[in-house]
>>> print(open('entry.tsv').read())   # TSV, C-alpha atoms
chain	number	residue	atom	x	y	z
Q	11	MET	CA	-0.92	5.17	26.61
Q	12	PRO	CA	0.47	1.91	28.06
Q	13	VAL	CA	4.19	1.56	28.65
Q	14	TRP	CA	4.72	-1.07	25.91
Q	15	PHE	CA	3.45	1.43	23.34
Q	16	TYR	CA	6.17	3.93	24.31
Q	17	ARG	CA	8.76	1.19	24.38
Q	18	LEU	CA	7.81	-0.07	20.91
Q	19	SER	CA	7.92	3.45	19.51
Q	20	SER	CA	11.62	3.73	20.34
Q	21	PRO	CA	13.66	2.93	17.18
Q	22	PRO	CA	16.62	1.24	18.96
Q	23	TYR	CA	14.30	-1.04	20.91
Q	24	PHE	CA	12.08	-1.89	17.94
Q	25	TYR	CA	15.19	-2.54	15.84
Q	26	THR	CA	16.42	-5.20	18.27
Q	27	ARG	CA	13.01	-6.95	18.31
Q	28	CYS	CA	12.55	-7.11	14.51
Q	29	LYS	CA	14.88	-9.97	13.70
Q	30	PRO	CA	13.82	-12.48	16.41
Q	31	TRP	CA	10.13	-11.78	15.76
Q	32	ALA	CA	10.58	-12.08	12.00
Q	33	ARG	CA	12.34	-15.40	12.46
Q	34	TRP	CA	9.47	-16.82	14.51
Q	35	LEU	CA	6.77	-15.50	12.21
Q	36	GLY	CA	8.66	-16.73	9.15
Q	37	ALA	CA	8.93	-20.25	10.57
Q	38	VAL	CA	5.23	-20.31	11.47
Q	39	SER	CA	4.33	-18.98	8.02
Q	40	GLY	CA	6.45	-21.59	6.25
Q	41	ALA	CA	4.91	-24.44	8.24
Q	42	ALA	CA	1.36	-23.17	7.68
Q	43	MET	CA	2.10	-22.68	3.98
Q	44	ILE	CA	3.31	-26.29	3.54
Q	45	VAL	CA	0.37	-27.81	5.43
Q	46	GLY	CA	-2.08	-25.40	3.77
Q	47	LEU	CA	-0.82	-26.11	0.24
Q	48	PHE	CA	-0.97	-29.86	0.87
Q	49	GLY	CA	-4.55	-29.48	2.08
Q	50	ALA	CA	-5.42	-27.19	-0.82
Q	51	LEU	CA	-3.91	-29.20	-3.65
Q	52	VAL	CA	-4.23	-32.78	-2.37
Q	53	LEU	CA	-6.78	-33.16	0.43
Q	54	ALA	CA	-9.51	-30.73	-0.66
Q	55	PRO	CA	-12.09	-32.23	-3.05
Q	56	PRO	CA	-12.76	-30.76	-6.50
Q	57	ASP	CA	-15.63	-28.30	-6.85
Q	58	TYR	CA	-19.02	-29.46	-8.16
Q	59	GLN	CA	-19.06	-26.76	-10.83
Q	60	GLN	CA	-15.53	-25.61	-11.51
Q	61	GLY	CA	-13.73	-28.93	-11.03
Q	62	GLU	CA	-10.03	-28.59	-10.26
Q	63	SER	CA	-9.54	-25.03	-11.43
Q	64	TYR	CA	-11.29	-23.57	-8.38
Q	65	ARG	CA	-8.10	-24.38	-6.44
Q	66	ILE	CA	-6.68	-21.03	-7.47
Q	67	ILE	CA	-8.77	-19.55	-4.64
Q	68	TYR	CA	-6.12	-20.83	-2.24
Q	69	VAL	CA	-3.80	-18.14	-3.58
Q	70	HIS	CA	-6.28	-15.62	-4.95
Q	71	VAL	CA	-8.47	-15.18	-1.87
Q	72	PRO	CA	-5.69	-14.89	0.78
Q	73	ALA	CA	-3.82	-12.49	-1.52
Q	74	ALA	CA	-6.98	-10.39	-1.94
Q	75	TRP	CA	-7.59	-10.29	1.80
Q	76	MET	CA	-3.98	-9.31	2.41
Q	77	SER	CA	-4.13	-6.57	-0.21
Q	78	LEU	CA	-6.92	-4.95	1.83
Q	79	PHE	CA	-5.38	-5.73	5.22
Q	80	ALA	CA	-1.99	-4.31	4.22
Q	81	TYR	CA	-3.67	-1.08	3.10
Q	82	VAL	CA	-5.61	-0.69	6.35
Q	83	PHE	CA	-2.38	-1.38	8.23
Q	84	MET	CA	-0.46	1.13	6.13
Q	85	ALA	CA	-3.12	3.82	6.60
Q	86	THR	CA	-3.36	3.17	10.34
Q	87	THR	CA	0.39	3.40	10.90
Q	88	ALA	CA	0.49	6.46	8.65
Q	89	ALA	CA	-2.22	8.07	10.81
Q	90	ILE	CA	-0.28	7.22	13.98
Q	91	GLY	CA	2.77	8.76	12.33
Q	92	LEU	CA	0.80	11.88	11.42
Q	93	ILE	CA	-0.67	12.37	14.89
Q	94	TRP	CA	2.17	11.31	17.20
Q	95	ARG	CA	5.13	11.75	14.80
Q	96	ILE	CA	6.44	8.30	15.73
Q	97	LYS	CA	9.34	7.27	13.48
Q	98	VAL	CA	8.67	3.54	13.88
Q	99	ALA	CA	5.08	4.03	12.66
Q	100	GLU	CA	6.29	6.02	9.64
Q	101	CYS	CA	8.79	3.28	8.79
Q	102	LEU	CA	6.14	0.57	9.18
Q	103	ALA	CA	3.78	2.39	6.79
Q	104	ARG	CA	6.54	2.88	4.22
Q	105	SER	CA	7.59	-0.79	4.48
Q	106	ALA	CA	4.03	-2.10	4.15
Q	107	ALA	CA	3.38	-0.39	0.81
Q	108	PRO	CA	5.44	-2.59	-1.57
Q	109	LEU	CA	4.11	-5.70	0.20
Q	110	GLY	CA	0.53	-4.57	-0.21
Q	111	ALA	CA	1.17	-3.68	-3.84
Q	112	SER	CA	2.61	-7.17	-4.44
Q	113	PHE	CA	-0.46	-8.81	-2.89
Q	114	THR	CA	-2.71	-6.62	-5.03
Q	115	PHE	CA	-0.79	-7.56	-8.17
Q	116	LEU	CA	-0.99	-11.25	-7.21
Q	117	THR	CA	-4.75	-10.87	-6.70
Q	118	LEU	CA	-5.23	-9.28	-10.12
Q	119	ALA	CA	-2.96	-11.78	-11.89
Q	120	THR	CA	-4.49	-14.92	-10.35
Q	121	GLY	CA	-7.98	-13.49	-10.81
Q	122	SER	CA	-7.25	-12.93	-14.47
Q	123	LEU	CA	-5.92	-16.46	-14.90
Q	124	TRP	CA	-9.06	-17.77	-13.21
Q	125	GLY	CA	-11.40	-15.51	-15.16
Q	126	LYS	CA	-10.33	-16.74	-18.60
Q	127	PRO	CA	-11.45	-20.39	-18.22
Q	128	MET	CA	-14.45	-19.71	-15.96
Q	129	TRP	CA	-15.98	-16.45	-17.14
Q	130	GLY	CA	-14.51	-16.54	-20.64
Q	131	THR	CA	-12.51	-13.32	-20.31
Q	132	TRP	CA	-9.24	-12.13	-18.78
Q	133	TRP	CA	-10.60	-8.80	-17.67
Q	134	VAL	CA	-13.84	-6.84	-17.42
Q	135	TRP	CA	-14.41	-3.35	-16.08
Q	136	ASP	CA	-16.85	-4.32	-13.37
Q	137	ALA	CA	-16.89	-2.61	-9.97
Q	138	ARG	CA	-14.86	-5.26	-8.10
Q	139	LEU	CA	-12.05	-5.57	-10.62
Q	140	THR	CA	-11.83	-1.85	-11.26
Q	141	SER	CA	-11.70	-0.92	-7.56
Q	142	GLU	CA	-9.00	-3.54	-6.95
Q	143	LEU	CA	-6.97	-2.07	-9.83
Q	144	LEU	CA	-7.44	1.35	-8.24
Q	145	LEU	CA	-5.95	-0.10	-5.05
Q	146	LEU	CA	-2.79	-1.04	-6.97
Q	147	PHE	CA	-2.55	2.53	-8.27
Q	148	LEU	CA	-3.02	3.88	-4.73
Q	149	TYR	CA	-0.14	1.77	-3.48
Q	150	MET	CA	2.04	2.90	-6.38
Q	151	GLY	CA	1.08	6.53	-5.83
Q	152	TYR	CA	1.94	6.23	-2.15
Q	153	MET	CA	5.33	4.69	-2.92
Q	154	ALA	CA	6.09	7.28	-5.59
Q	155	LEU	CA	5.18	10.21	-3.35
Q	156	ASN	CA	7.02	8.75	-0.38
Q	157	SER	CA	10.26	8.35	-2.29
Q	158	ALA	CA	9.93	11.61	-4.24
Q	159	ILE	CA	10.54	13.71	-1.12
Q	160	ASP	CA	14.05	13.59	0.34
Q	161	ASP	CA	13.28	14.55	3.92
Q	162	PRO	CA	11.79	11.36	5.48
Q	163	ARG	CA	9.60	13.35	7.91
Q	164	ARG	CA	7.97	15.39	5.17
Q	165	ALA	CA	7.76	12.34	2.89
Q	166	ALA	CA	5.89	10.41	5.60
Q	167	ARG	CA	3.49	13.31	6.18
Q	168	ALA	CA	2.64	13.89	2.51
Q	169	SER	CA	2.27	10.23	1.60
Q	170	GLY	CA	0.40	9.59	4.87
Q	171	VAL	CA	-2.32	12.01	3.77
Q	172	LEU	CA	-2.55	10.17	0.44
Q	173	ALA	CA	-2.83	6.84	2.27
Q	174	LEU	CA	-5.70	8.24	4.37
Q	175	VAL	CA	-7.53	9.54	1.30
Q	176	GLY	CA	-7.31	6.08	-0.26
Q	177	VAL	CA	-8.92	4.37	2.75
Q	178	VAL	CA	-12.32	5.08	1.20
Q	179	ASN	CA	-11.54	2.50	-1.49
Q	180	ILE	CA	-11.38	-0.35	1.03
Q	181	PRO	CA	-15.14	-0.58	1.84
Q	182	VAL	CA	-15.86	0.09	-1.84
Q	183	ILE	CA	-13.82	-2.98	-2.85
Q	184	HIS	CA	-15.42	-5.13	-0.18
Q	185	TYR	CA	-19.03	-4.14	-0.85
Q	186	SER	CA	-18.70	-3.64	-4.63
Q	187	VAL	CA	-20.17	-7.08	-5.29
Q	188	GLU	CA	-23.21	-6.30	-3.11
Q	189	TRP	CA	-23.87	-2.69	-4.09
Q	190	TRP	CA	-23.65	-3.13	-7.83
Q	191	SER	CA	-24.24	-5.89	-10.33
Q	192	THR	CA	-20.83	-7.32	-11.16
Q	193	LEU	CA	-19.39	-10.26	-13.05
Q	194	HIS	CA	-17.42	-11.14	-9.92
Q	195	GLN	CA	-19.49	-13.30	-7.56
Q	196	GLY	CA	-20.55	-12.24	-4.07
Q	197	PRO	CA	-18.65	-12.93	-0.83
Q	198	THR	CA	-18.32	-16.58	0.22
Q	199	ILE	CA	-16.86	-16.21	3.71
Q	200	THR	CA	-16.87	-12.56	4.80
Q	201	ARG	CA	-20.65	-12.28	5.10
Q	202	LEU	CA	-23.28	-12.49	7.83
Q	203	ASP	CA	-24.56	-15.96	6.87
Q	204	ALA	CA	-22.55	-19.14	7.32
Q	205	PRO	CA	-19.71	-19.52	4.77
Q	206	ALA	CA	-20.95	-20.89	1.43
Q	207	ILE	CA	-17.96	-23.19	1.11
Q	208	HIS	CA	-17.72	-26.78	2.25
Q	209	LEU	CA	-15.71	-27.29	5.45
Q	210	SER	CA	-13.19	-29.57	3.71
Q	211	MET	CA	-12.37	-26.69	1.34
Q	212	LEU	CA	-12.59	-23.95	3.96
Q	213	VAL	CA	-9.96	-25.31	6.38
Q	214	PRO	CA	-7.03	-25.21	3.89
Q	215	LEU	CA	-8.18	-21.74	2.79
Q	216	LEU	CA	-8.05	-20.40	6.35
Q	217	LEU	CA	-4.64	-22.05	6.82
Q	218	MET	CA	-3.38	-20.32	3.68
Q	219	ALA	CA	-4.79	-17.01	4.90
Q	220	PHE	CA	-2.93	-17.50	8.18
Q	221	ALA	CA	0.28	-18.33	6.30
Q	222	PHE	CA	-0.08	-15.20	4.14
Q	223	THR	CA	-0.70	-13.01	7.21
Q	224	THR	CA	2.32	-14.28	9.11
Q	225	TYR	CA	4.42	-13.96	5.94
Q	226	PHE	CA	3.34	-10.34	5.65
Q	227	CYS	CA	4.27	-9.66	9.30
Q	228	ALA	CA	7.67	-11.37	8.99
Q	229	VAL	CA	8.72	-9.57	5.81
Q	230	LEU	CA	7.29	-6.30	7.13
Q	231	LEU	CA	9.52	-6.54	10.21
Q	232	LEU	CA	12.62	-7.26	8.12
Q	233	ARG	CA	11.87	-4.32	5.81
Q	234	THR	CA	11.18	-2.03	8.75
Q	235	ARG	CA	14.45	-3.09	10.34
Q	236	TYR	CA	16.49	-1.85	7.40
Q	237	GLU	CA	14.28	1.18	7.06
Q	238	LEU	CA	14.95	2.18	10.67
Q	239	LEU	CA	18.68	1.57	10.31
Q	240	SER	CA	19.04	3.65	7.16
Q	241	ARG	CA	16.89	6.45	8.54
Q	242	GLU	CA	18.75	6.58	11.86
Q	243	ARG	CA	22.22	6.07	10.32
Q	244	HIS	CA	23.54	9.29	11.85
Q	245	THR	CA	22.65	8.27	15.42
Q	246	GLU	CA	24.90	6.53	17.90
Q	247	TRP	CA	22.74	3.40	18.29
Q	248	ALA	CA	22.58	2.77	14.54
Q	249	LYS	CA	26.36	3.15	14.16
Q	250	ARG	CA	26.85	0.78	17.07
Q	251	ALA	CA	24.39	-1.74	15.58
Q	252	VAL	CA	26.25	-1.71	12.27
Q	253	ARG	CA	29.64	-2.03	14.03
Q	254	GLU	CA	28.39	-5.01	16.02
Q	255	ALA	CA	26.94	-6.72	12.95
Q	256	SER	CA	30.07	-6.32	10.79
Q	257	PRO	CA	32.96	-8.71	11.52
M	7	MET	CA	-6.67	21.83	21.91
M	8	THR	CA	-3.26	20.28	22.04
M	9	VAL	CA	-1.14	19.76	18.93
M	10	ARG	CA	-1.96	16.05	18.88
M	11	GLN	CA	-5.68	16.64	19.18
M	12	ARG	CA	-5.47	19.09	16.30
M	13	ARG	CA	-3.60	16.53	14.17
M	14	ALA	CA	-6.09	13.78	15.11
M	15	THR	CA	-8.98	16.04	14.08
M	16	PHE	CA	-7.19	16.68	10.79
M	17	VAL	CA	-6.85	12.92	10.17
M	18	LEU	CA	-10.53	12.29	10.99
M	19	LEU	CA	-11.61	15.17	8.75
M	20	ILE	CA	-9.66	13.79	5.78
M	21	VAL	CA	-11.04	10.26	6.15
M	22	GLY	CA	-14.60	11.44	6.93
M	23	GLY	CA	-14.63	14.07	4.20
M	24	VAL	CA	-13.41	11.70	1.52
M	25	MET	CA	-15.92	9.05	2.64
M	26	VAL	CA	-18.84	11.48	2.37
M	27	ALA	CA	-17.66	12.83	-0.98
M	28	THR	CA	-17.25	9.32	-2.40
M	29	ALA	CA	-20.64	8.20	-1.07
M	30	LEU	CA	-22.31	11.18	-2.76
M	31	ALA	CA	-20.45	10.65	-6.02
M	32	LEU	CA	-21.18	6.92	-6.13
M	33	SER	CA	-24.89	7.38	-5.40
M	34	ALA	CA	-25.06	10.05	-8.11
M	35	PHE	CA	-23.47	7.70	-10.65
M	36	ARG	CA	-25.36	4.66	-9.41
M	37	GLU	CA	-26.75	3.77	-12.84
M	38	ASN	CA	-23.35	3.94	-14.52
M	39	MET	CA	-21.76	1.61	-11.97
M	40	LEU	CA	-23.98	-1.32	-12.96
M	41	PHE	CA	-22.16	-3.91	-14.99
M	42	PHE	CA	-25.34	-5.26	-16.57
M	43	PHE	CA	-29.10	-4.79	-16.84
M	44	ASP	CA	-31.65	-7.29	-15.49
M	45	PRO	CA	-34.20	-8.79	-17.88
M	46	SER	CA	-36.92	-6.90	-15.94
M	47	GLN	CA	-35.20	-3.60	-16.68
M	48	VAL	CA	-34.91	-4.53	-20.36
M	49	VAL	CA	-38.59	-5.52	-20.59
M	50	ALA	CA	-39.53	-2.27	-18.81
M	51	GLY	CA	-37.63	-0.38	-21.51
M	52	GLU	CA	-34.90	0.98	-19.23
M	53	ALA	CA	-32.08	-0.46	-21.32
M	54	PRO	CA	-30.65	1.54	-24.25
M	55	THR	CA	-32.00	0.57	-27.66
M	56	ASN	CA	-29.48	2.30	-29.93
M	57	TYR	CA	-26.14	1.14	-28.52
M	58	PRO	CA	-24.70	-2.09	-27.02
M	59	PHE	CA	-25.22	-2.94	-23.36
M	60	ARG	CA	-24.84	-5.96	-21.09
M	61	LEU	CA	-27.65	-8.21	-19.95
M	62	GLY	CA	-27.27	-10.46	-16.92
M	63	GLY	CA	-29.34	-13.28	-15.45
M	64	LEU	CA	-29.82	-17.03	-15.50
M	65	VAL	CA	-30.13	-19.18	-18.62
M	66	ARG	CA	-33.70	-20.44	-18.29
M	67	ASP	CA	-34.00	-24.23	-17.97
M	68	GLY	CA	-35.10	-25.80	-21.23
M	69	SER	CA	-34.59	-22.68	-23.30
M	70	LEU	CA	-31.22	-23.56	-24.88
M	71	GLU	CA	-31.44	-24.67	-28.51
M	72	GLU	CA	-28.86	-25.00	-31.24
M	73	VAL	CA	-29.60	-23.79	-34.73
M	74	ASP	CA	-27.46	-23.94	-37.87
M	75	GLU	CA	-25.63	-27.11	-36.73
M	76	GLY	CA	-24.62	-25.75	-33.35
M	77	LEU	CA	-22.82	-22.67	-34.63
M	78	MET	CA	-25.64	-20.48	-33.46
M	79	VAL	CA	-27.43	-20.85	-30.15
M	80	ARG	CA	-30.65	-19.42	-28.83
M	81	PHE	CA	-31.55	-19.18	-25.16
M	82	SER	CA	-33.54	-17.03	-22.75
M	83	VAL	CA	-32.03	-15.00	-19.93
M	84	THR	CA	-34.33	-14.72	-16.93
M	85	ASP	CA	-34.28	-13.09	-13.50
M	86	GLY	CA	-37.30	-15.01	-12.21
M	87	THR	CA	-39.91	-12.45	-13.24
M	88	SER	CA	-39.07	-11.48	-16.81
M	89	GLU	CA	-37.04	-13.02	-19.57
M	90	VAL	CA	-35.30	-11.87	-22.75
M	91	PRO	CA	-34.58	-14.13	-25.76
M	92	VAL	CA	-30.93	-14.12	-26.87
M	93	THR	CA	-29.16	-15.33	-29.98
M	94	TYR	CA	-25.41	-15.86	-30.13
M	95	GLU	CA	-22.92	-17.11	-32.68
M	96	GLY	CA	-19.55	-18.20	-31.34
M	97	VAL	CA	-17.74	-20.17	-28.65
M	98	LEU	CA	-19.45	-20.48	-25.28
M	99	PRO	CA	-17.45	-20.55	-22.01
M	100	ASP	CA	-17.04	-23.91	-20.25
M	101	LEU	CA	-19.37	-23.02	-17.39
M	102	PHE	CA	-22.21	-22.12	-19.77
M	103	ARG	CA	-25.27	-24.33	-19.24
M	104	GLU	CA	-28.96	-24.08	-18.45
M	105	GLY	CA	-29.60	-22.65	-15.00
M	106	GLN	CA	-26.19	-20.93	-15.02
M	107	GLY	CA	-25.68	-17.20	-14.46
M	108	VAL	CA	-24.47	-15.37	-17.58
M	109	VAL	CA	-23.60	-11.84	-18.64
M	110	VAL	CA	-24.07	-11.22	-22.38
M	111	ARG	CA	-23.01	-8.12	-24.30
M	112	GLY	CA	-24.82	-7.05	-27.42
M	113	THR	CA	-27.72	-5.03	-28.75
M	114	LEU	CA	-31.48	-5.30	-28.51
M	115	ARG	CA	-33.02	-5.84	-31.95
M	116	GLU	CA	-36.31	-4.22	-32.90
M	117	ASP	CA	-38.21	-7.49	-32.47
M	118	ASP	CA	-36.95	-7.51	-28.81
M	119	VAL	CA	-34.43	-10.30	-29.43
M	120	PHE	CA	-31.04	-9.64	-27.86
M	121	VAL	CA	-28.21	-10.26	-30.32
M	122	ALA	CA	-25.14	-11.15	-28.27
M	123	GLU	CA	-21.55	-10.52	-29.37
M	124	GLU	CA	-19.94	-11.89	-26.21
M	125	VAL	CA	-21.18	-14.40	-23.63
M	126	LEU	CA	-19.54	-14.55	-20.19
M	127	ALA	CA	-20.42	-17.14	-17.54
M	128	LYS	CA	-20.95	-15.91	-13.99
M	129	HIS	CA	-20.18	-18.43	-11.28
M	130	ASP	CA	-21.75	-18.23	-7.85
M	131	GLU	CA	-20.10	-17.96	-4.43
M	132	ASN	CA	-20.83	-21.59	-3.45
M	133	TYR	CA	-18.05	-24.15	-3.34
M	134	MET	CA	-18.72	-27.81	-2.52
M	135	PRO	CA	-17.61	-31.31	-3.49
M	136	PRO	CA	-19.63	-32.96	-6.32
M	137	GLU	CA	-21.14	-35.54	-3.89
M	138	VAL	CA	-22.56	-32.80	-1.70
M	139	ALA	CA	-24.03	-31.04	-4.72
M	140	ASP	CA	-25.62	-34.33	-5.83
M	141	SER	CA	-27.21	-35.01	-2.46
M	142	LEU	CA	-28.48	-31.42	-2.31
M	143	ARG	CA	-30.09	-31.90	-5.71
M	144	THR	CA	-31.91	-35.10	-4.67
M	145	THR	CA	-33.16	-33.80	-1.32
M	146	LYS	CA	-34.14	-30.31	-2.39
M	147	PRO	CA	-34.94	-30.43	-6.11
M	148	GLY	CA	-34.38	-27.13	-7.84
M	149	GLU	CA	-33.28	-25.28	-4.75
M	150	ASP	CA	-29.57	-25.42	-5.43
M	151	ARG	CA	-30.09	-23.64	-8.71
M	152	ARG	CA	-30.18	-19.93	-8.27
>>> encode(input="entry.tsv", output="structure tokens")
Amino acid sequence: MPVWFYRLSSPPYFYTRCKPWARWLGAVSGAAMIVGLFGALVLAPPDYQQGESYRIIYVHVPAAWMSLFAYVFMATTAAIGLIWRIKVAECLARSAAPLGASFTFLTLATGSLWGKPMWGTWWVWDARLTSELLLLFLYMGYMALNSAIDDPRRAARASGVLALVGVVNIPVIHYSVEWWSTLHQGPTITRLDAPAIHLSMLVPLLLMAFAFTTYFCAVLLLRTRYELLSRERHTEWAKRAVREASP
Amino acid sequence: MTVRQRRATFVLLIVGGVMVATALALSAFRENMLFFFDPSQVVAGEAPTNYPFRLGGLVRDGSLEEVDEGLMVRFSVTDGTSEVPVTYEGVLPDLFREGQGVVVRGTLREDDVFVAEEVLAKHDENYMPPEVADSLRTTKPGEDRR
């Protein structure tokens, strides 16, 4: 293991890095969001079939990608926590869950709003929609289990196993539109062929995806910061950090 | 085996085991996971005859006709090899047109006409400005319709 890995796994060190990193990432995310939204709502042309209403992809698609990414991140940090018993990893996994759940909810809500005018229905039980709803339940189950156990070590272990079990849903969500016949259309960008979206529409979408990713990282660091502080509140470094922060 | 190796094996076993179990379960329930039947499956008699199911495909070009002053429509759903005639009474979604992908829910009548209760439009994964779609249509007639 490289030295930086050991350094990052030390709660006092990670705690001091959270705020400056979050500030940077937040600024980058805000800038990308403004430029991306301008590109998405003003510069990008309307779609040949769906007209203006296709523009919901600029929220729906990044949110959907992030809902999967946050889960993979949560499961990976949970696995690191299970194997190496690293507190920082356990706190990262716990902090990622509500964020991932929010992205999943946003995906389902915007998808529903899009589905009504285009498909003619708010909701259908096809493989893509159902597996994404299952993802929301997995996040909620993880959060419930994690906060049901008082001892943070045992909570992280139990909920970590649940997070690992749920990993199987990630490829199912991604390939659901290829394996089974669904009402949801197939992948536009995450496929082997060239993206089936015009470049003028693709660039703002990628910018929005970048903005969502950096937003996730920034908020994750802030959440993890408080998580570390509250979990380590009995230690000297945490008491000192609180003393220094209070006037 | 060190403690960490044992824990890592445990993690891999969980993920691998659940993956295998899910793959087996999903392949066993393959039929039930389909959201709709293709016209070919319906013509081959694989679709249920006594209870409602969904039929998916493209609205065949030139098959759409209005009867009863537009309240009732008739069209054919095709997958390129077979087609099934459909009748429907009600409001059609905005994206509904000839050549468009649709998913209709209803029952197959004895004269092999599908009586739809609900018509949903399926949109494809292609996004482009109207000008690009127009130029595609003039250079490659018929190819942009799938």
>>> closest_residue(input="entry.tsv", among="M:Glu37, M:Asp85, M:Asp74, M:Glu116", to="chain Q", atoms="all atoms listed in the file")
M:Glu37
>>> closest_atom_pairs(input="entry.tsv", of="chain M", to="chain Q", cutoff="7 Å", atoms="only C-alpha atoms", output="CSV")
residue,atom,partner,partner_atom,distance
M:Arg10,CA,Q:Ile93,CA,5.6
M:Arg13,CA,Q:Ile93,CA,5.1
M:Ala14,CA,Q:Ile93,CA,5.6
M:Val17,CA,Q:Ala89,CA,6.7
M:Ile20,CA,Q:Val175,CA,6.5
M:Val21,CA,Q:Leu174,CA,6.0
M:Val24,CA,Q:Val175,CA,6.3
M:Met25,CA,Q:Val178,CA,5.5
M:Met39,CA,Q:Trp190,CA,6.6
M:Leu40,CA,Q:Ser191,CA,5.3
M:Phe41,CA,Q:Thr192,CA,5.3
M:Phe42,CA,Q:Ser191,CA,6.4
M:Pro99,CA,Q:Gly130,CA,5.2
M:Asp100,CA,Q:Met128,CA,6.5
M:Leu101,CA,Q:Met128,CA,6.1
M:Leu126,CA,Q:Trp129,CA,5.1
M:Ala127,CA,Q:Trp129,CA,4.5
M:Lys128,CA,Q:Trp129,CA,5.9
M:His129,CA,Q:Gln195,CA,6.4
M:Asp130,CA,Q:Gln195,CA,5.4
M:Glu131,CA,Q:Thr198,CA,5.2
M:Asn132,CA,Q:Ala206,CA,4.9
M:Tyr133,CA,Q:Ile207,CA,4.6
M:Met134,CA,Q:His208,CA,5.0
M:Pro135,CA,Q:Asp57,CA,4.9
M:Pro136,CA,Q:Tyr58,CA,4.0
M:Ala139,CA,Q:Tyr58,CA,6.3
>>> atom_distance(input="entry.tsv", atom1="atom CA of Q:Arg201", atom2="atom CA of M:Leu18")
27.2 Å
>>> atom_distance(input="entry.tsv", atom1="atom CA of M:Leu32", atom2="atom CA of M:Gln47")
20.5 Å
>>> residues_near_point(input="entry.tsv", point="(11.1, 0.9, 16.6)", cutoff="10 Å", atoms="all atoms listed in the file", output="list of chain:residue names")
Q:Tyr16, Q:Arg17, Q:Leu18, Q:Ser19, Q:Ser20, Q:Pro21, Q:Pro22, Q:Tyr23, Q:Phe24, Q:Tyr25, Q:Thr26, Q:Arg27, Q:Cys28, Q:Ile96, Q:Lys97, Q:Val98, Q:Ala99, Q:Glu100, Q:Cys101, Q:Leu102, Q:Leu231, Q:Thr234, Q:Arg235, Q:Leu238, Q:Leu239
>>> closest_residue(input="entry.tsv", among="M:Val119, M:Leu19, M:Val83, M:Leu77", to="M:Val97", atoms="only C-alpha atoms")
M:Leu77
>>> atom_distance(input="entry.tsv", atom1="atom CA of Q:Leu118", atom2="atom CA of Q:Ile67")
12.2 Å
>>> residues_around(input="entry.tsv", residues="Q:Ala111", least_positions_apart="2", cutoff="8 Å", atoms="all atoms listed in the file", output="list in words")
Ser77, Ala107, Pro108, Leu109, Phe113, Thr114, Phe115, Leu146, Tyr149 and Met150 of chain Q
>>> closest_residue(input="entry.tsv", among="Q:Trp75, Q:Trp133, Q:Cys227, Q:Phe83", to="Q:Thr200", atoms="all atoms listed in the file")
Q:Trp75
>>> closest_residue(input="entry.tsv", among="Q:Trp124, Q:Tyr81, Q:Ala42, Q:Ala32", to="Q:Ser63", atoms="only C-alpha atoms")
Q:Trp124
>>> closest_residue(input="entry.tsv", among="M:Val108, M:Val48, M:Ala29, M:Met78", to="M:Leu64", atoms="all atoms listed in the file")
M:Val108
>>> closest_residue(input="entry.tsv", among="Q:Ala37, Q:Leu143, Q:Ala158, Q:Ile180", to="Q:Val82", atoms="all atoms listed in the file")
Q:Ile180
>>> residues_near_point(input="entry.tsv", point="(-25.6, -20.8, -29.2)", cutoff="7 Å", atoms="all atoms listed in the file", output="mmCIF file with C-alpha atoms, in the frame of the given file")
data_model
loop_
_atom_site.group_PDB
_atom_site.id
_atom_site.type_symbol
_atom_site.label_atom_id
_atom_site.label_comp_id
_atom_site.auth_asym_id
_atom_site.auth_seq_id
_atom_site.Cartn_x
_atom_site.Cartn_y
_atom_site.Cartn_z
ATOM 1 C CA GLU M 72 -28.860 -25.000 -31.240
ATOM 2 C CA GLY M 76 -24.620 -25.750 -33.350
ATOM 3 C CA LEU M 77 -22.820 -22.670 -34.630
ATOM 4 C CA MET M 78 -25.640 -20.480 -33.460
ATOM 5 C CA VAL M 79 -27.430 -20.850 -30.150
ATOM 6 C CA ARG M 80 -30.650 -19.420 -28.830
ATOM 7 C CA THR M 93 -29.160 -15.330 -29.980
ATOM 8 C CA TYR M 94 -25.410 -15.860 -30.130
ATOM 9 C CA GLU M 95 -22.920 -17.110 -32.680
ATOM 10 C CA GLY M 96 -19.550 -18.200 -31.340
#
>>> axis_aligned_box(input="entry.tsv", around="stretch 245-256 of chain Q", padding_each_side="3 Å", output="AutoDock Vina command-line options")
--center_x 26.3 --center_y 0.8 --center_z 14.5 --size_x 13.5 --size_y 21.0 --size_z 13.5
